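Chemist: Okay, here's the structure, questions in a sec.
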Amino acid sequence: MRLVCSLHAPDWTFDEDELRRAFNPKTRAIIINTPHNPTGKVFTLDELTLITELAKEFDVTVISDEVYEHLIYEPAQHIPIASLPDMFERTVTIGSTGKTFGMTGWKLGWLYGHPDLIQGVWQAHQFIVFATSHPTQVAVAHAFNHMDEQYYQSYRMLYSGKRQHIMEGLSQAGLKFAEPMGTYFVMADFSPVFDGNDVEFATYLIQEIGVAAIPPSAFYREQDKHLAKNYARFSFAKHDDQLDEAINRMKRLKS
Ligand SMILES: Cc1ncc(COP(=O)(O)O)c(C=O)c1O
């Protein structure tokens, strides 16, 4: 059985009791994602520590999706949960070339963790994915051996500028949002400029304004969809002239 602990607006944190209720003696594994898509939330040390305490208390494996580990904005810090005390042995951490090297769509990633856990991953991989593109693997191995800290810094700078750009545009358009601390997504509350739910807004935005955003209720289970009903997820992984054009078009939302 799958239990979910939802993130809540405006700062996309979780409720401690709700998290505790998601654990029970039958819990085998927990999946977490930080920095988080769609909210741009980066989990703090306190939040991660609580998760580790519960994981240890209930002897649970942690599957930690950290594909946006390098896309974080000051003052946020990405803390791999496997780096916290006694967590390496129970954590499988996931990374992505798509997100780390700006080649989304190429679908190549990696995992690391204790050999006992990775053994299980190998077995699953053999029967689910089986193979990936070998030339891309060679290219990524080359990237790992040749990229230095400067690459990651300039990558963050690039997206930091785009983040600033879209935040200004969304504010001008009259939308409200919490600054995303990681990823290249921002969740914006459109209720000041549109009367309707997130699917209606996304449809209106595409058809009438010419800008695409994701209705984030798609990320929530049925009973939690209301948590996202005033929000749209915008991606700022776009060329600056595309961002300019989208911002320009969205000025019409206010009129
Ligand atoms: C949180 C998260 N995990 C994993 C993935 C998948 O990454 P990839 O495209 O490298 O397979 C995505 C892609 O959007 C994502 O947002």
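We label chains A, B, ... in the order they appear in the structure tokens, count residues from 1 in each chain, and number ligands from 1 in the order shown.
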Taking the DSSP secondary structure from the backbone, can you list the residues of region 159-221 of chain A that are strand (DSSP E), as a count of residues only?

Modeler: 7

Chemist: Can you pull out every residue with an atom within 12 Å of ligand 1? Use only C-alpha atoms and all ligand atoms and format it as a PyMOL selection string.

Modeler: chain A and resi 31-42+63-69+71+93-111+129+132+182-185+219+233+235+237

Chemist: Residues near Asp224 (chain A), anyone? I mean within 12 Å using only C-alpha atoms, not counting same-chain ones fewer than 3 positions away, as a list in words.

Modeler: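 Near neighbours after the sequence-gap exclusion: Val4, Cys5, Ser6, Leu7, His8, Pro216, Ser217, Ala218, Phe219, Tyr220, Arg221, Leu227, Ala228 and Lys229 of chain A.
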
Chemist: Just the selected residues (C-alpha atoms), exported as a PDB file, in the first residue's frame, please.

Modeler:
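Result file follows (again_37.pdb):
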ATOM      1  CA  VAL A   4       1.621   9.866   0.694  1.00  0.00           C
ATOM      2  CA  CYS A   5       2.708  12.918   2.641  1.00  0.00           C
ATOM      3  CA  SER A   6       1.796  16.026   0.648  1.00  0.00           C
ATOM      4  CA  LEU A   7       3.635  19.342   0.494  1.00  0.00           C
ATOM      5  CA  HIS A   8       1.649  22.436   1.410  1.00  0.00           C
ATOM      6  CA  PRO A 216       0.119  20.715 -10.779  1.00  0.00           C
ATOM      7  CA  SER A 217      -2.934  18.835  -9.491  1.00  0.00           C
ATOM      8  CA  ALA A 218      -1.583  16.142 -11.856  1.00  0.00           C
ATOM      9  CA  PHE A 219       1.150  15.576  -9.236  1.00  0.00           C
ATOM     10  CA  TYR A 220      -1.304  15.026  -6.374  1.00  0.00           C
ATOM     11  CA  ARG A 221      -3.482  12.052  -5.487  1.00  0.00           C
ATOM     12  CA  LEU A 227      -3.865  21.713  -2.537  1.00  0.00           C
ATOM     13  CA  ALA A 228      -2.716  22.721  -6.007  1.00  0.00           C
ATOM     14  CA  LYS A 229      -5.920  24.081  -7.501  1.00  0.00           C
TER      15      LYS A 229
END

Chemist: From a backbone DSSP assignment, name each residue in region 2-195 of chain A labelled helix (DSSP H, G or I), as a PyMOL selection string.

Modeler: chain A and resi 16-21+45-57+81-83+88-90+97-100+115-128+134-146+149-172

Chemist: Could you turn the residues from that selection into a file that holds C-alpha atoms, as a JSON list (two decimals), in the first residue's frame?

Modeler:
[["chain", "number", "residue", "atom", "x", "y", "z"],
["A", 16, "GLU", "CA", 5.19, 16.54, 10.79],
["A", 17, "ASP", "CA", 2.19, 14.51, 12.00],
["A", 18, "GLU", "CA", 1.16, 13.70, 8.44],
["A", 19, "LEU", "CA", 4.68, 12.41, 7.81],
["A", 20, "ARG", "CA", 4.62, 10.30, 10.98],
["A", 21, "ARG", "CA", 1.26, 8.83, 9.92],
["A", 45, "LEU", "CA", 18.50, 19.85, 7.53],
["A", 46, "ASP", "CA", 15.70, 19.82, 10.13],
["A", 47, "GLU", "CA", 13.19, 18.35, 7.67],
["A", 48, "LEU", "CA", 15.67, 15.73, 6.45],
["A", 49, "THR", "CA", 16.69, 14.87, 10.01],
["A", 50, "LEU", "CA", 13.07, 14.13, 10.90],
["A", 51, "ILE", "CA", 12.81, 11.84, 7.86],
["A", 52, "THR", "CA", 16.02, 10.04, 8.87],
["A", 53, "GLU", "CA", 14.76, 9.54, 12.44],
["A", 54, "LEU", "CA", 11.57, 7.92, 11.16],
["A", 55, "ALA", "CA", 13.45, 5.87, 8.56],
["A", 56, "LYS", "CA", 15.72, 4.48, 11.29],
["A", 57, "GLU", "CA", 12.90, 3.94, 13.80],
["A", 81, "ILE", "CA", 20.13, 12.45, 2.82],
["A", 82, "ALA", "CA", 22.71, 9.64, 2.47],
["A", 83, "SER", "CA", 25.27, 11.98, 4.05],
["A", 88, "PHE", "CA", 24.28, 5.68, 3.68],
["A", 89, "GLU", "CA", 23.51, 2.03, 4.48],
["A", 90, "ARG", "CA", 19.78, 2.53, 3.94],
["A", 97, "THR", "CA", 22.51, 13.56, -16.68],
["A", 98, "GLY", "CA", 19.47, 15.28, -18.14],
["A", 99, "LYS", "CA", 19.27, 17.65, -15.19],
["A", 100, "THR", "CA", 23.01, 17.93, -14.40],
["A", 115, "PRO", "CA", 26.37, -2.45, -2.32],
["A", 116, "ASP", "CA", 23.63, -4.54, -0.62],
["A", 117, "LEU", "CA", 21.01, -2.12, -1.91],
["A", 118, "ILE", "CA", 22.59, -1.60, -5.32],
["A", 119, "GLN", "CA", 22.52, -5.37, -5.86],
["A", 120, "GLY", "CA", 18.71, -5.16, -5.74],
["A", 121, "VAL", "CA", 18.73, -2.19, -8.10],
["A", 122, "TRP", "CA", 20.83, -4.15, -10.64],
["A", 123, "GLN", "CA", 18.33, -6.99, -10.56],
["A", 124, "ALA", "CA", 15.39, -4.64, -11.09],
["A", 125, "HIS", "CA", 17.25, -2.73, -13.80],
["A", 126, "GLN", "CA", 17.94, -5.94, -15.71],
["A", 127, "PHE", "CA", 14.24, -6.77, -15.90],
["A", 128, "ILE", "CA", 12.76, -3.28, -16.26],
["A", 134, "HIS", "CA", 25.89, 3.26, -24.55],
["A", 135, "PRO", "CA", 27.35, 6.26, -26.47],
["A", 136, "THR", "CA", 25.59, 8.55, -23.98],
["A", 137, "GLN", "CA", 27.09, 6.59, -21.09],
["A", 138, "VAL", "CA", 30.57, 7.10, -22.57],
["A", 139, "ALA", "CA", 29.88, 10.82, -23.02],
["A", 140, "VAL", "CA", 28.67, 11.17, -19.44],
["A", 141, "ALA", "CA", 31.68, 9.28, -18.07],
["A", 142, "HIS", "CA", 33.84, 11.77, -20.00],
["A", 143, "ALA", "CA", 31.85, 14.68, -18.54],
["A", 144, "PHE", "CA", 32.30, 13.39, -14.99],
["A", 145, "ASN", "CA", 36.04, 13.13, -15.52],
["A", 146, "HIS", "CA", 36.43, 16.57, -17.06],
["A", 149, "GLU", "CA", 33.39, 22.96, -9.93],
["A", 150, "GLN", "CA", 33.43, 25.91, -12.32],
["A", 151, "TYR", "CA", 31.05, 24.07, -14.64],
["A", 152, "TYR", "CA", 28.53, 23.56, -11.84],
["A", 153, "GLN", "CA", 28.92, 27.17, -10.71],
["A", 154, "SER", "CA", 28.27, 28.57, -14.17],
["A", 155, "TYR", "CA", 25.32, 26.18, -14.57],
["A", 156, "ARG", "CA", 23.82, 27.54, -11.36],
["A", 157, "MET", "CA", 24.53, 31.14, -12.44],
["A", 158, "LEU", "CA", 22.78, 30.57, -15.75],
["A", 159, "TYR", "CA", 19.64, 29.28, -14.06],
["A", 160, "SER", "CA", 19.83, 31.82, -11.28],
["A", 161, "GLY", "CA", 19.50, 34.55, -13.95],
["A", 162, "LYS", "CA", 16.58, 32.78, -15.64],
["A", 163, "ARG", "CA", 14.90, 32.31, -12.27],
["A", 164, "GLN", "CA", 15.18, 36.03, -11.56],
["A", 165, "HIS", "CA", 13.86, 36.77, -15.04],
["A", 166, "ILE", "CA", 10.73, 34.61, -14.68],
["A", 167, "MET", "CA", 10.04, 35.77, -11.12],
["A", 168, "GLU", "CA", 9.97, 39.39, -12.31],
["A", 169, "GLY", "CA", 7.70, 38.46, -15.19],
["A", 170, "LEU", "CA", 5.27, 36.50, -13.00],
["A", 171, "SER", "CA", 5.10, 39.39, -10.52],
["A", 172, "GLN", "CA", 4.38, 41.85, -13.34]]

Chemist: Using only C-alpha atoms, which residues sit within 10 Å of Leu3 (chain A) once same-chain residues fewer than 4 positions away are excluded, as a PyMOL selection string?

Modeler: chain A and resi 19+21-24+27+30

Chemist: Can you work out which one of A:Ala173, A:Val60, A:Val186, A:Ala76 has the shortest atom-to-atom distance to Ile247 (chain A), counting only C-alpha atoms?

Modeler: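 Residue with the minimum atom-to-atom distance to Ile247 (chain A): A:Ala173.
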
Chemist: Between CA of Phe43 (chain A) and CA of Val199 (chain A), what is the spacing in Å?

Modeler: 27.4 Å

Chemist: Grab the CA of Ala188 (chain A) to CA of Asn230 (chain A) distance for me, in Å with one decimal place.

Modeler: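 Between CA of Ala188 (chain A) and CA of Asn230 (chain A) the gap works out to 8.1 Å.
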
Chemist: For CA of Met187 (chain A) and CA of Pro80 (chain A), determine how far apart the two atoms are, in Å to one decimal place.

Modeler: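 Interatomic distance, CA of Met187 (chain A) to CA of Pro80 (chain A): 23.4 Å.
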
Chemist: Might you pull out every residue within 9 Å of region 202-213 of chain A, with only C-alpha atoms counted and same-chain residues fewer than 4 positions away left off, and present them as number ranges by chain?

Modeler: A: 197-198, 232-235, 246-247, 249-250, 252-253

Chemist: Export C-alpha atoms of the chosen residues as a PDB file, in the first residue's frame?

Modeler:
ATOM      1  CA  ASN A 197      -8.999  25.686 -11.262  1.00  0.00           C
ATOM      2  CA  ASP A 198      -5.473  24.812 -12.367  1.00  0.00           C
ATOM      3  CA  ALA A 232       0.503  26.573 -12.255  1.00  0.00           C
ATOM      4  CA  ARG A 233       4.008  25.166 -12.644  1.00  0.00           C
ATOM      5  CA  PHE A 234       6.190  27.245 -14.949  1.00  0.00           C
ATOM      6  CA  SER A 235       9.534  25.976 -16.246  1.00  0.00           C
ATOM      7  CA  ALA A 246       6.183  34.512 -22.504  1.00  0.00           C
ATOM      8  CA  ILE A 247       6.416  37.345 -19.968  1.00  0.00           C
ATOM      9  CA  ARG A 249       2.235  37.663 -23.446  1.00  0.00           C
ATOM     10  CA  MET A 250       1.326  37.122 -19.789  1.00  0.00           C
ATOM     11  CA  ARG A 252      -2.450  40.385 -20.850  1.00  0.00           C
ATOM     12  CA  LEU A 253      -3.560  38.344 -17.837  1.00  0.00           C
TER      13      LEU A 253
END
